[in-house]
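upload_14.csv follows (CSV, N, CA and C atoms):
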chain,number,residue,atom,x,y,z
L,76,MET,N,42.3,82.4,-6.6
L,76,MET,CA,40.9,82.3,-6.7
L,76,MET,C,40.5,81.9,-8.1
L,77,ASP,N,39.6,80.9,-8.2
L,77,ASP,CA,39.2,80.5,-9.5
L,77,ASP,C,38.3,81.6,-10.2
L,78,THR,N,38.4,81.8,-11.4
L,78,THR,CA,37.7,82.9,-12.1
L,78,THR,C,36.3,82.5,-12.6
L,79,ILE,N,36.1,81.2,-12.7
L,79,ILE,CA,34.8,80.8,-13.2
L,79,ILE,C,33.9,80.0,-12.2
L,80,ILE,N,34.6,79.0,-11.5
L,80,ILE,CA,33.9,78.2,-10.5
L,80,ILE,C,34.2,78.7,-9.1
L,81,SER,N,33.1,79.0,-8.4
L,81,SER,CA,33.3,79.5,-7.0
L,81,SER,C,33.5,78.4,-6.0
L,82,ARG,N,32.8,77.3,-6.2
L,82,ARG,CA,32.9,76.2,-5.3
L,82,ARG,C,32.3,74.9,-5.9
L,83,GLN,N,32.7,73.8,-5.3
L,83,GLN,CA,32.1,72.5,-5.7
L,83,GLN,C,31.6,71.8,-4.5
L,84,GLU,N,30.6,70.9,-4.8
L,84,GLU,CA,30.1,70.1,-3.7
L,84,GLU,C,29.7,68.7,-4.3
L,85,VAL,N,29.9,67.7,-3.6
L,85,VAL,CA,29.6,66.3,-4.0
L,85,VAL,C,28.5,65.9,-3.1
L,86,LEU,N,27.3,65.5,-3.6
L,86,LEU,CA,26.2,65.0,-2.8
L,86,LEU,C,25.3,64.1,-3.6
L,87,SER,N,24.3,63.6,-2.9
L,87,SER,CA,23.4,62.6,-3.5
L,87,SER,C,22.0,63.3,-3.6
L,88,LEU,N,21.5,63.4,-4.8
L,88,LEU,CA,20.2,64.0,-5.0
L,88,LEU,C,19.1,62.9,-5.2
L,89,PRO,N,17.9,63.1,-4.7
L,89,PRO,CA,16.8,62.1,-4.9
L,89,PRO,C,16.6,61.9,-6.4
L,90,ALA,N,16.4,60.7,-6.8
L,90,ALA,CA,16.2,60.3,-8.2
L,90,ALA,C,17.4,60.4,-9.1
L,91,ARG,N,18.5,61.0,-8.7
L,91,ARG,CA,19.7,61.1,-9.5
L,91,ARG,C,20.9,60.4,-8.9
L,92,GLY,N,20.9,60.2,-7.6
L,92,GLY,CA,22.1,59.6,-7.0
L,92,GLY,C,23.2,60.6,-6.8
L,93,ALA,N,24.4,60.1,-6.8
L,93,ALA,CA,25.6,60.9,-6.6
L,93,ALA,C,25.8,61.9,-7.8
L,94,VAL,N,26.2,63.1,-7.4
L,94,VAL,CA,26.5,64.2,-8.4
L,94,VAL,C,27.5,65.1,-7.9
L,95,ASN,N,28.2,65.8,-8.8
L,95,ASN,CA,29.0,66.9,-8.5
L,95,ASN,C,28.3,68.2,-8.9
L,96,LEU,N,28.2,69.2,-8.0
L,96,LEU,CA,27.7,70.5,-8.3
L,96,LEU,C,28.8,71.5,-8.4
L,97,LEU,N,28.9,72.1,-9.5
L,97,LEU,CA,30.0,73.2,-9.6
L,97,LEU,C,29.2,74.5,-9.8
L,98,HIS,N,29.5,75.4,-8.8
L,98,HIS,CA,28.8,76.7,-8.7
L,98,HIS,C,29.6,77.7,-9.4
L,99,PHE,N,29.0,78.4,-10.4
L,99,PHE,CA,29.6,79.4,-11.1
L,99,PHE,C,29.5,80.7,-10.3
L,100,HIS,N,30.5,81.6,-10.4
L,100,HIS,CA,30.4,82.9,-9.7
L,100,HIS,C,29.2,83.7,-9.9
L,101,GLN,N,28.6,83.7,-11.1
L,101,GLN,CA,27.4,84.5,-11.4
L,101,GLN,C,26.1,83.7,-11.0
L,102,GLY,N,26.2,82.5,-10.4
L,102,GLY,CA,25.0,81.9,-9.8
L,102,GLY,C,24.6,80.6,-10.5
L,103,MET,N,24.9,80.4,-11.7
L,103,MET,CA,24.5,79.1,-12.4
L,103,MET,C,25.2,77.9,-11.8
L,104,VAL,N,24.6,76.8,-11.9
L,104,VAL,CA,25.2,75.5,-11.3
L,104,VAL,C,25.3,74.5,-12.4
L,105,LEU,N,26.4,73.8,-12.5
L,105,LEU,CA,26.6,72.7,-13.4
L,105,LEU,C,26.5,71.4,-12.6
L,106,VAL,N,25.7,70.5,-13.0
L,106,VAL,CA,25.5,69.3,-12.3
L,106,VAL,C,26.1,68.2,-13.2
L,107,VAL,N,27.1,67.4,-12.6
L,107,VAL,CA,27.7,66.3,-13.3
L,107,VAL,C,27.3,65.0,-12.7
L,108,GLY,N,26.7,64.2,-13.4
L,108,GLY,CA,26.3,62.9,-12.9
L,108,GLY,C,27.0,61.8,-13.6
L,109,ALA,N,26.6,60.5,-13.4
L,109,ALA,CA,27.2,59.4,-14.0
L,109,ALA,C,26.9,59.3,-15.5
L,110,ASP,N,25.8,59.8,-15.9
L,110,ASP,CA,25.4,59.6,-17.3
L,110,ASP,C,24.9,60.9,-18.0
L,111,ALA,N,25.0,62.0,-17.3
L,111,ALA,CA,24.5,63.3,-18.0
L,111,ALA,C,25.1,64.5,-17.2
L,112,VAL,N,25.0,65.6,-17.9
L,112,VAL,CA,25.4,66.9,-17.4
L,112,VAL,C,24.2,67.9,-17.6
L,113,GLY,N,23.9,68.7,-16.5
L,113,GLY,CA,22.9,69.7,-16.6
L,113,GLY,C,23.4,71.0,-16.2
L,114,LEU,N,22.9,72.1,-16.8
L,114,LEU,CA,23.2,73.4,-16.4
L,114,LEU,C,21.9,74.1,-15.9
L,115,TYR,N,22.0,74.7,-14.7
L,115,TYR,CA,20.8,75.3,-14.1
L,115,TYR,C,21.1,76.7,-13.8
L,116,ARG,N,20.0,77.5,-13.8
L,116,ARG,CA,20.2,79.0,-13.5
L,116,ARG,C,20.7,79.3,-12.1
L,117,ASP,N,20.3,78.4,-11.1
L,117,ASP,CA,20.8,78.6,-9.8
L,117,ASP,C,20.7,77.3,-9.0
L,118,ARG,N,21.1,77.3,-7.7
L,118,ARG,CA,21.1,76.1,-6.9
L,118,ARG,C,19.7,75.6,-6.6
L,119,ARG,N,18.8,76.5,-6.4
L,119,ARG,CA,17.4,76.1,-6.1
L,119,ARG,C,16.8,75.4,-7.3
L,120,ALA,N,17.1,75.7,-8.5
L,120,ALA,CA,16.6,75.1,-9.7
L,120,ALA,C,17.0,73.6,-9.8
L,121,VAL,N,18.1,73.3,-9.2
L,121,VAL,CA,18.7,71.9,-9.3
L,121,VAL,C,17.7,70.9,-8.8
L,122,GLU,N,17.0,71.2,-7.7
L,122,GLU,CA,16.0,70.2,-7.1
L,122,GLU,C,14.6,70.5,-7.4
L,123,ASP,N,14.3,71.4,-8.4
L,123,ASP,CA,12.9,71.7,-8.8
L,123,ASP,C,12.3,70.6,-9.6
L,124,PRO,N,11.3,69.9,-9.1
L,124,PRO,CA,10.7,68.8,-9.8
L,124,PRO,C,10.1,69.1,-11.2
L,125,LEU,N,9.8,70.4,-11.4
L,125,LEU,CA,9.3,70.8,-12.7
L,125,LEU,C,10.4,71.3,-13.7
L,126,ALA,N,11.6,71.2,-13.2
L,126,ALA,CA,12.8,71.6,-14.0
L,126,ALA,C,12.7,73.1,-14.5
L,127,ASN,N,12.1,73.9,-13.7
L,127,ASN,CA,12.1,75.4,-13.9
L,127,ASN,C,13.6,75.8,-13.6
L,128,GLY,N,14.2,76.5,-14.5
L,128,GLY,CA,15.5,77.0,-14.3
L,128,GLY,C,16.6,76.1,-15.0
L,129,LEU,N,16.1,75.0,-15.6
L,129,LEU,CA,17.0,74.2,-16.4
L,129,LEU,C,17.4,74.9,-17.7
L,130,VAL,N,18.7,75.2,-17.8
L,130,VAL,CA,19.2,75.8,-19.0
L,130,VAL,C,19.5,74.8,-20.1
L,131,GLY,N,20.1,73.7,-19.8
L,131,GLY,CA,20.4,72.7,-20.8
L,131,GLY,C,20.8,71.4,-20.1
L,132,TYR,N,20.6,70.3,-20.9
L,132,TYR,CA,20.9,69.0,-20.3
L,132,TYR,C,21.4,68.1,-21.5
L,133,GLU,N,22.5,67.4,-21.3
L,133,GLU,CA,23.0,66.5,-22.3
L,133,GLU,C,23.5,65.2,-21.7
L,134,PRO,N,23.2,64.1,-22.4
L,134,PRO,CA,23.7,62.8,-21.9
L,134,PRO,C,25.2,62.7,-22.2
L,135,ILE,N,25.9,62.0,-21.3
L,135,ILE,CA,27.3,61.7,-21.6
L,135,ILE,C,27.4,60.3,-22.4
L,136,PRO,N,28.1,60.3,-23.5
L,136,PRO,CA,28.2,59.0,-24.3
L,136,PRO,C,28.8,57.9,-23.4
L,137,ASP,N,28.3,56.7,-23.6
L,137,ASP,CA,28.7,55.6,-22.8
L,137,ASP,C,30.2,55.5,-22.6
L,138,ALA,N,31.0,55.6,-23.7
L,138,ALA,CA,32.4,55.5,-23.6
L,138,ALA,C,33.1,56.5,-22.8
L,139,LEU,N,32.4,57.7,-22.5
L,139,LEU,CA,33.0,58.8,-21.8
L,139,LEU,C,32.5,58.9,-20.4
L,140,ARG,N,31.6,58.1,-20.0
L,140,ARG,CA,30.9,58.2,-18.6
L,140,ARG,C,31.9,58.0,-17.5
L,141,PRO,N,31.9,59.0,-16.6
L,141,PRO,CA,32.8,58.9,-15.5
L,141,PRO,C,32.4,57.9,-14.4
L,142,VAL,N,33.3,57.5,-13.6
L,142,VAL,CA,33.0,56.6,-12.4
L,142,VAL,C,33.2,57.5,-11.2
L,143,PHE,N,32.3,57.2,-10.2
L,143,PHE,CA,32.4,58.0,-8.9
L,143,PHE,C,33.6,57.5,-8.1
L,144,VAL,N,34.4,58.4,-7.7
L,144,VAL,CA,35.6,58.1,-6.9
L,144,VAL,C,35.6,59.0,-5.6
L,145,ASP,N,35.5,58.4,-4.5
L,145,ASP,CA,35.5,59.2,-3.2
L,145,ASP,C,36.9,59.9,-3.0
L,146,PRO,N,36.9,61.1,-2.5
L,146,PRO,CA,35.9,62.0,-2.1
L,146,PRO,C,35.5,63.0,-3.2
L,147,ASP,N,36.1,62.9,-4.4
L,147,ASP,CA,35.9,63.9,-5.4
L,147,ASP,C,34.7,63.7,-6.4
L,148,GLY,N,34.1,62.5,-6.3
L,148,GLY,CA,33.0,62.3,-7.2
L,148,GLY,C,33.4,62.0,-8.6
L,149,PHE,N,32.7,62.6,-9.5
L,149,PHE,CA,33.0,62.3,-11.0
L,149,PHE,C,34.0,63.2,-11.5
L,150,VAL,N,34.4,64.3,-10.8
L,150,VAL,CA,35.3,65.3,-11.3
L,150,VAL,C,36.7,65.0,-10.7
L,151,SER,N,37.7,64.8,-11.6
L,151,SER,CA,39.0,64.4,-11.2
L,151,SER,C,39.9,65.7,-11.0
L,152,GLU,N,39.6,66.7,-11.8
L,152,GLU,CA,40.3,68.0,-11.6
L,152,GLU,C,39.5,69.1,-12.1
L,153,GLN,N,39.7,70.3,-11.6
L,153,GLN,CA,39.0,71.5,-12.1
L,153,GLN,C,39.9,72.7,-11.9
L,154,THR,N,40.2,73.4,-13.0
L,154,THR,CA,40.9,74.6,-12.9
L,154,THR,C,40.3,75.6,-13.9
L,155,SER,N,39.8,76.7,-13.4
L,155,SER,CA,39.2,77.7,-14.1
L,155,SER,C,38.0,77.1,-14.9
L,156,GLY,N,38.1,77.2,-16.3
L,156,GLY,CA,37.0,76.6,-17.1
L,156,GLY,C,37.2,75.2,-17.5
L,157,PHE,N,38.3,74.5,-17.1
L,157,PHE,CA,38.5,73.1,-17.4
L,157,PHE,C,38.0,72.2,-16.3
L,158,ILE,N,37.3,71.2,-16.7
L,158,ILE,CA,36.7,70.2,-15.7
L,158,ILE,C,37.0,68.9,-16.2
L,159,GLY,N,38.0,68.2,-15.6
L,159,GLY,CA,38.4,66.8,-16.0
L,159,GLY,C,37.5,65.8,-15.3
L,160,LEU,N,37.0,64.9,-16.0
L,160,LEU,CA,36.2,63.8,-15.5
L,160,LEU,C,37.0,62.6,-15.2
L,161,SER,N,36.6,61.7,-14.3
L,161,SER,CA,37.3,60.5,-14.0
L,161,SER,C,37.5,59.6,-15.1
L,162,SER,N,36.7,59.7,-16.2
L,162,SER,CA,36.8,58.8,-17.3
L,162,SER,C,37.9,59.3,-18.3
L,163,GLY,N,38.5,60.5,-18.1
L,163,GLY,CA,39.4,61.0,-19.0
L,163,GLY,C,38.8,62.1,-19.9
L,164,ALA,N,37.5,62.1,-20.0
L,164,ALA,CA,36.8,63.1,-20.8
L,164,ALA,C,36.9,64.4,-20.1
L,165,ALA,N,36.6,65.5,-20.8
L,165,ALA,CA,36.7,66.9,-20.2
L,165,ALA,C,35.6,67.7,-20.6
L,166,LEU,N,35.1,68.5,-19.6
L,166,LEU,CA,34.2,69.6,-19.9
L,166,LEU,C,35.0,70.9,-19.9
L,167,PHE,N,34.6,71.8,-20.8
L,167,PHE,CA,35.3,73.0,-20.9
L,167,PHE,C,34.2,74.1,-21.0
L,168,VAL,N,34.4,75.1,-20.0
L,168,VAL,CA,33.5,76.3,-20.0
L,168,VAL,C,34.0,77.3,-21.0
L,169,ARG,N,33.3,77.4,-22.1
L,169,ARG,CA,33.6,78.3,-23.2
L,169,ARG,C,32.8,79.6,-23.1
L,170,PRO,N,33.1,80.6,-23.8
L,170,PRO,CA,32.3,81.8,-23.8
L,170,PRO,C,30.8,81.6,-24.2
L,171,ASP,N,30.6,80.6,-25.0
L,171,ASP,CA,29.2,80.3,-25.5
L,171,ASP,C,28.5,79.2,-24.8
L,172,GLY,N,29.2,78.5,-23.8
L,172,GLY,CA,28.5,77.5,-23.1
L,172,GLY,C,29.5,76.5,-22.5
L,173,VAL,N,28.9,75.3,-22.1
L,173,VAL,CA,29.7,74.2,-21.6
L,173,VAL,C,29.8,73.1,-22.6
L,174,ALA,N,31.0,72.7,-23.0
L,174,ALA,CA,31.2,71.6,-24.0
L,174,ALA,C,31.8,70.4,-23.4
L,175,LEU,N,31.5,69.2,-24.0
L,175,LEU,CA,32.1,68.0,-23.6
L,175,LEU,C,33.1,67.5,-24.7
L,176,TYR,N,34.2,67.1,-24.3
L,176,TYR,CA,35.3,66.6,-25.2
L,176,TYR,C,35.7,65.2,-24.8
L,177,PRO,N,36.1,64.4,-25.7
L,177,PRO,CA,36.6,63.0,-25.3
L,177,PRO,C,37.8,63.0,-24.4
L,178,SER,N,38.7,64.0,-24.5
L,178,SER,CA,39.9,64.0,-23.7
L,178,SER,C,40.3,65.5,-23.4
L,179,SER,N,41.2,65.6,-22.5
L,179,SER,CA,41.8,66.9,-22.1
L,179,SER,C,42.4,67.6,-23.3
L,180,LEU,N,43.2,66.8,-24.1
L,180,LEU,CA,43.9,67.3,-25.3
L,180,LEU,C,42.9,67.8,-26.3
L,181,ASP,N,41.8,67.1,-26.5
L,181,ASP,CA,40.7,67.5,-27.4
L,181,ASP,C,40.1,68.8,-27.0
L,182,ALA,N,39.9,69.0,-25.7
L,182,ALA,CA,39.4,70.2,-25.1
L,182,ALA,C,40.4,71.4,-25.4
L,183,LEU,N,41.7,71.1,-25.1
L,183,LEU,CA,42.7,72.1,-25.4
L,183,LEU,C,42.7,72.6,-26.8
L,184,HIS,N,42.5,71.7,-27.7
L,184,HIS,CA,42.6,72.0,-29.2
L,184,HIS,C,41.2,72.3,-29.8
L,185,ASN,N,40.2,72.3,-28.9
L,185,ASN,CA,38.8,72.5,-29.4
L,185,ASN,C,38.5,71.6,-30.6
L,186,ARG,N,38.7,70.3,-30.4
L,186,ARG,CA,38.4,69.4,-31.5
L,186,ARG,C,37.5,68.2,-31.0
L,187,ASP,N,36.7,67.7,-31.9
L,187,ASP,CA,35.9,66.5,-31.6
L,187,ASP,C,34.9,66.8,-30.4
L,188,CYS,N,34.3,68.0,-30.4
L,188,CYS,CA,33.4,68.3,-29.4
L,188,CYS,C,32.1,67.4,-29.5
L,189,CYS,N,31.7,66.8,-28.4
L,189,CYS,CA,30.6,65.9,-28.4
L,189,CYS,C,29.3,66.7,-28.4
L,190,TRP,N,29.2,67.7,-27.6
L,190,TRP,CA,28.0,68.5,-27.5
L,190,TRP,C,28.3,69.8,-26.8
L,191,LEU,N,27.4,70.8,-26.9
L,191,LEU,CA,27.5,72.1,-26.2
L,191,LEU,C,26.2,72.4,-25.6
L,192,ILE,N,26.2,72.8,-24.3
L,192,ILE,CA,25.1,73.3,-23.6
L,192,ILE,C,25.3,74.8,-23.7
L,193,PRO,N,24.5,75.5,-24.5
L,193,PRO,CA,24.7,77.0,-24.6
L,193,PRO,C,24.3,77.7,-23.4
L,194,PHE,N,25.0,78.8,-23.1
L,194,PHE,CA,24.5,79.7,-22.0
L,194,PHE,C,23.3,80.5,-22.4
L,195,PRO,N,22.4,80.8,-21.5
L,195,PRO,CA,21.2,81.6,-21.9
L,195,PRO,C,21.7,83.0,-22.3
L,196,PRO,N,20.8,83.7,-23.0
L,196,PRO,CA,21.1,85.1,-23.3
L,196,PRO,C,21.3,86.0,-22.1
L,197,LEU,N,22.1,87.0,-22.1
L,197,LEU,CA,22.4,87.8,-20.9
L,197,LEU,C,21.1,88.5,-20.4
L,198,ASN,N,20.2,88.8,-21.2
L,198,ASN,CA,19.0,89.5,-20.8
L,198,ASN,C,17.9,88.6,-20.4
L,199,ALA,N,18.1,87.2,-20.4
L,199,ALA,CA,17.0,86.3,-20.1
L,199,ALA,C,16.8,86.1,-18.6
Translate the structure described by the file into structure tokens.
Amino acid sequence: MDTIISRQEVLSLPARGAVNLLHFHQGMVLVVGADAVGLYRDRRAVEDPLANGLVGYEPIPDALRPVFVDPDGFVSEQTSGFIGLSSGAALFVRPDGVALYPSSLDALHNRDCCWLIPFPPLNA
């Protein structure tokens, strides 16, 4: 059993197109698209047109943007807090949030972090 991600789904959202949704055990949802990553408080917030429940959102740099590959979408592998993208870039779920790295090796060594979407405070 995965300790961080409870399940994944690949679907198409209106105005966003194809995305991967990675559901965290405590309820938050990470949305990975072709050009950006968003972290939401729960699944319902993902489709809220007013973006209520959006924790953070960051664009993926052009050189690191993943390509959609059936049936897995933009995510090529996922183990615990490691999320490999089809471009070779990696997302890593850290204690302080979700970070994007140019490669798996960079994520492993915590170097050259492109950005971090911080987790909300526990009492929020």
Calculated over only N, CA and C atoms, which of the candidates L:Phe143, L:Glu122, L:Leu86, L:Ala164 has the smallest distance to Ala182 in chain L? L:Ala164
Using only N, CA and C atoms, pick whichever of L:Arg119, L:Ile79, L:Ala165, L:Gly148 has the shortest atom-to-atom distance to Ala93 in chain L.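 Distance minimum relative to Ala93 in chain L lands on L:Gly148.
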Per DSSP on the backbone, filter chain L down to the residues in alpha helix (DSSP H) and report them as a short mmCIF file (atom, residue, chain, number, x, y, z; two decimals) with N, CA and C atoms, keeping the file's coordinate frame.
data_model
loop_
_atom_site.label_atom_id
_atom_site.label_comp_id
_atom_site.auth_asym_id
_atom_site.auth_seq_id
_atom_site.Cartn_x
_atom_site.Cartn_y
_atom_site.Cartn_z
N ARG L 118 21.10 77.30 -7.70
CA ARG L 118 21.10 76.10 -6.90
C ARG L 118 19.70 75.60 -6.60
N ARG L 119 18.80 76.50 -6.40
CA ARG L 119 17.40 76.10 -6.10
C ARG L 119 16.80 75.40 -7.30
N ALA L 120 17.10 75.70 -8.50
CA ALA L 120 16.60 75.10 -9.70
C ALA L 120 17.00 73.60 -9.80
N VAL L 121 18.10 73.30 -9.20
CA VAL L 121 18.70 71.90 -9.30
C VAL L 121 17.70 70.90 -8.80
N SER L 179 41.20 65.60 -22.50
CA SER L 179 41.80 66.90 -22.10
C SER L 179 42.40 67.60 -23.30
N LEU L 180 43.20 66.80 -24.10
CA LEU L 180 43.90 67.30 -25.30
C LEU L 180 42.90 67.80 -26.30
N ASP L 181 41.80 67.10 -26.50
CA ASP L 181 40.70 67.50 -27.40
C ASP L 181 40.10 68.80 -27.00
N ALA L 182 39.90 69.00 -25.70
CA ALA L 182 39.40 70.20 -25.10
C ALA L 182 40.40 71.40 -25.40
N LEU L 183 41.70 71.10 -25.10
CA LEU L 183 42.70 72.10 -25.40
C LEU L 183 42.70 72.60 -26.80
N HIS L 184 42.50 71.70 -27.70
CA HIS L 184 42.60 72.00 -29.20
C HIS L 184 41.20 72.30 -29.80
#
Who sits within 8 Å of Leu97 in chain L, all atoms listed in the file, same chain under 6 positions skipped, as a VMD selection string: chain L and resid 79 to 85 103 to 107
Cut-off 6 Å around (38.0, 72.7, -21.6) with only N, CA and C atoms: residues as a list in words: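 Applying the cut-off with only N, CA and C atoms, one gets Gly156, Phe157, Ile158, Ala165, Leu166, Phe167, Val168, Ala182 and Leu183 of chain L.
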Please indicate the distance in Å from CA of Ser155 in chain L to atom C of Arg169 in chain L, rounded to one decimal place. 11.2 Å
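Of the residues under consideration (L:Asn127, L:Ser161, L:Thr154, L:Thr78), L:Thr78 shows the shortest atom-to-atom contact distance to His100 in chain L when counting only C-alpha atoms.
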So which bits of range 89-164 of chain L end up strand (DSSP E or B) when you DSSP the backbone, as a VMD selection string? chain L and resid 92 to 99 104 to 107 111 to 115 129 to 134 144 148 150 to 154 157 to 160
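Comparing L:Ala109, L:Val173, L:Leu129, L:Cys188 by their smallest distance to Val142 in chain L, the closest is L:Ala109 (using only C-alpha atoms).
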Check the smallest atom-to-atom distance from each of L:Val150, L:Leu96, L:Val144, L:Val112 to Leu191 in chain L using only C-alpha atoms, then report the winner. L:Val112
What is the CA of Ser178 in chain L to CA of Glu133 in chain L distance in Å?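 Between CA of Ser178 in chain L and CA of Glu133 in chain L the gap is 17.1 Å.
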How far is it from CA of Pro170 in chain L to CA of Pro124 in chain L, in Å with one decimal?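 Computed distance, CA of Pro170 in chain L to CA of Pro124 in chain L, equals 28.8 Å.
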At the level of N, CA, C and O atoms, write range 185-199 of chain L to a file as a PDB file, in the first residue's frame, please.
ATOM      1  N   ASN L 185      17.715  16.378  -3.858  1.00  0.00           N
ATOM      2  CA  ASN L 185      17.116  17.658  -3.472  1.00  0.00           C
ATOM      3  C   ASN L 185      17.932  18.840  -4.003  1.00  0.00           C
ATOM      4  O   ASN L 185      18.303  19.750  -3.277  1.00  0.00           O
ATOM      5  N   ARG L 186      18.205  18.812  -5.319  1.00  0.00           N
ATOM      6  CA  ARG L 186      18.968  19.908  -5.922  1.00  0.00           C
ATOM      7  C   ARG L 186      18.208  20.451  -7.132  1.00  0.00           C
ATOM      8  O   ARG L 186      17.446  19.742  -7.780  1.00  0.00           O
ATOM      9  N   ASP L 187      18.445  21.717  -7.424  1.00  0.00           N
ATOM     10  CA  ASP L 187      17.850  22.391  -8.575  1.00  0.00           C
ATOM     11  C   ASP L 187      16.326  22.349  -8.561  1.00  0.00           C
ATOM     12  O   ASP L 187      15.691  22.170  -9.615  1.00  0.00           O
ATOM     13  N   CYS L 188      15.726  22.539  -7.397  1.00  0.00           N
ATOM     14  CA  CYS L 188      14.274  22.579  -7.289  1.00  0.00           C
ATOM     15  C   CYS L 188      13.743  23.762  -8.114  1.00  0.00           C
ATOM     16  O   CYS L 188      14.227  24.884  -7.980  1.00  0.00           O
ATOM     17  N   CYS L 189      12.773  23.497  -8.957  1.00  0.00           N
ATOM     18  CA  CYS L 189      12.183  24.546  -9.803  1.00  0.00           C
ATOM     19  C   CYS L 189      11.175  25.386  -9.029  1.00  0.00           C
ATOM     20  O   CYS L 189      11.123  26.610  -9.197  1.00  0.00           O
ATOM     21  N   TRP L 190      10.358  24.749  -8.220  1.00  0.00           N
ATOM     22  CA  TRP L 190       9.375  25.437  -7.387  1.00  0.00           C
ATOM     23  C   TRP L 190       8.829  24.478  -6.335  1.00  0.00           C
ATOM     24  O   TRP L 190       9.046  23.274  -6.409  1.00  0.00           O
ATOM     25  N   LEU L 191       8.122  25.052  -5.386  1.00  0.00           N
ATOM     26  CA  LEU L 191       7.491  24.288  -4.309  1.00  0.00           C
ATOM     27  C   LEU L 191       6.082  24.831  -4.106  1.00  0.00           C
ATOM     28  O   LEU L 191       5.896  26.038  -3.988  1.00  0.00           O
ATOM     29  N   ILE L 192       5.111  23.931  -4.090  1.00  0.00           N
ATOM     30  CA  ILE L 192       3.748  24.290  -3.671  1.00  0.00           C
ATOM     31  C   ILE L 192       3.650  23.869  -2.212  1.00  0.00           C
ATOM     32  O   ILE L 192       3.621  22.671  -1.910  1.00  0.00           O
ATOM     33  N   PRO L 193       3.649  24.842  -1.276  1.00  0.00           N
ATOM     34  CA  PRO L 193       3.627  24.482   0.140  1.00  0.00           C
ATOM     35  C   PRO L 193       2.277  23.901   0.565  1.00  0.00           C
ATOM     36  O   PRO L 193       1.228  24.291   0.047  1.00  0.00           O
ATOM     37  N   PHE L 194       2.331  22.967   1.508  1.00  0.00           N
ATOM     38  CA  PHE L 194       1.108  22.450   2.105  1.00  0.00           C
ATOM     39  C   PHE L 194       0.484  23.526   2.989  1.00  0.00           C
ATOM     40  O   PHE L 194       1.215  24.345   3.566  1.00  0.00           O
ATOM     41  N   PRO L 195      -0.835  23.517   3.134  1.00  0.00           N
ATOM     42  CA  PRO L 195      -1.474  24.490   4.034  1.00  0.00           C
ATOM     43  C   PRO L 195      -1.152  24.123   5.480  1.00  0.00           C
ATOM     44  O   PRO L 195      -0.821  22.974   5.782  1.00  0.00           O
ATOM     45  N   PRO L 196      -1.258  25.098   6.379  1.00  0.00           N
ATOM     46  CA  PRO L 196      -1.068  24.787   7.805  1.00  0.00           C
ATOM     47  C   PRO L 196      -2.055  23.715   8.256  1.00  0.00           C
ATOM     48  O   PRO L 196      -3.169  23.631   7.730  1.00  0.00           O
ATOM     49  N   LEU L 197      -1.657  22.902   9.197  1.00  0.00           N
ATOM     50  CA  LEU L 197      -2.518  21.804   9.651  1.00  0.00           C
ATOM     51  C   LEU L 197      -3.838  22.286  10.234  1.00  0.00           C
ATOM     52  O   LEU L 197      -4.840  21.592  10.152  1.00  0.00           O
ATOM     53  N   ASN L 198      -3.868  23.467  10.813  1.00  0.00           N
ATOM     54  CA  ASN L 198      -5.104  23.968  11.430  1.00  0.00           C
ATOM     55  C   ASN L 198      -5.950  24.800  10.459  1.00  0.00           C
ATOM     56  O   ASN L 198      -6.944  25.387  10.854  1.00  0.00           O
ATOM     57  N   ALA L 199      -5.575  24.852   9.168  1.00  0.00           N
ATOM     58  CA  ALA L 199      -6.333  25.662   8.201  1.00  0.00           C
ATOM     59  C   ALA L 199      -7.534  24.923   7.679  1.00  0.00           C
ATOM     60  O   ALA L 199      -7.616  23.748   7.627  1.00  0.00           O
TER      61      ALA L 199
END
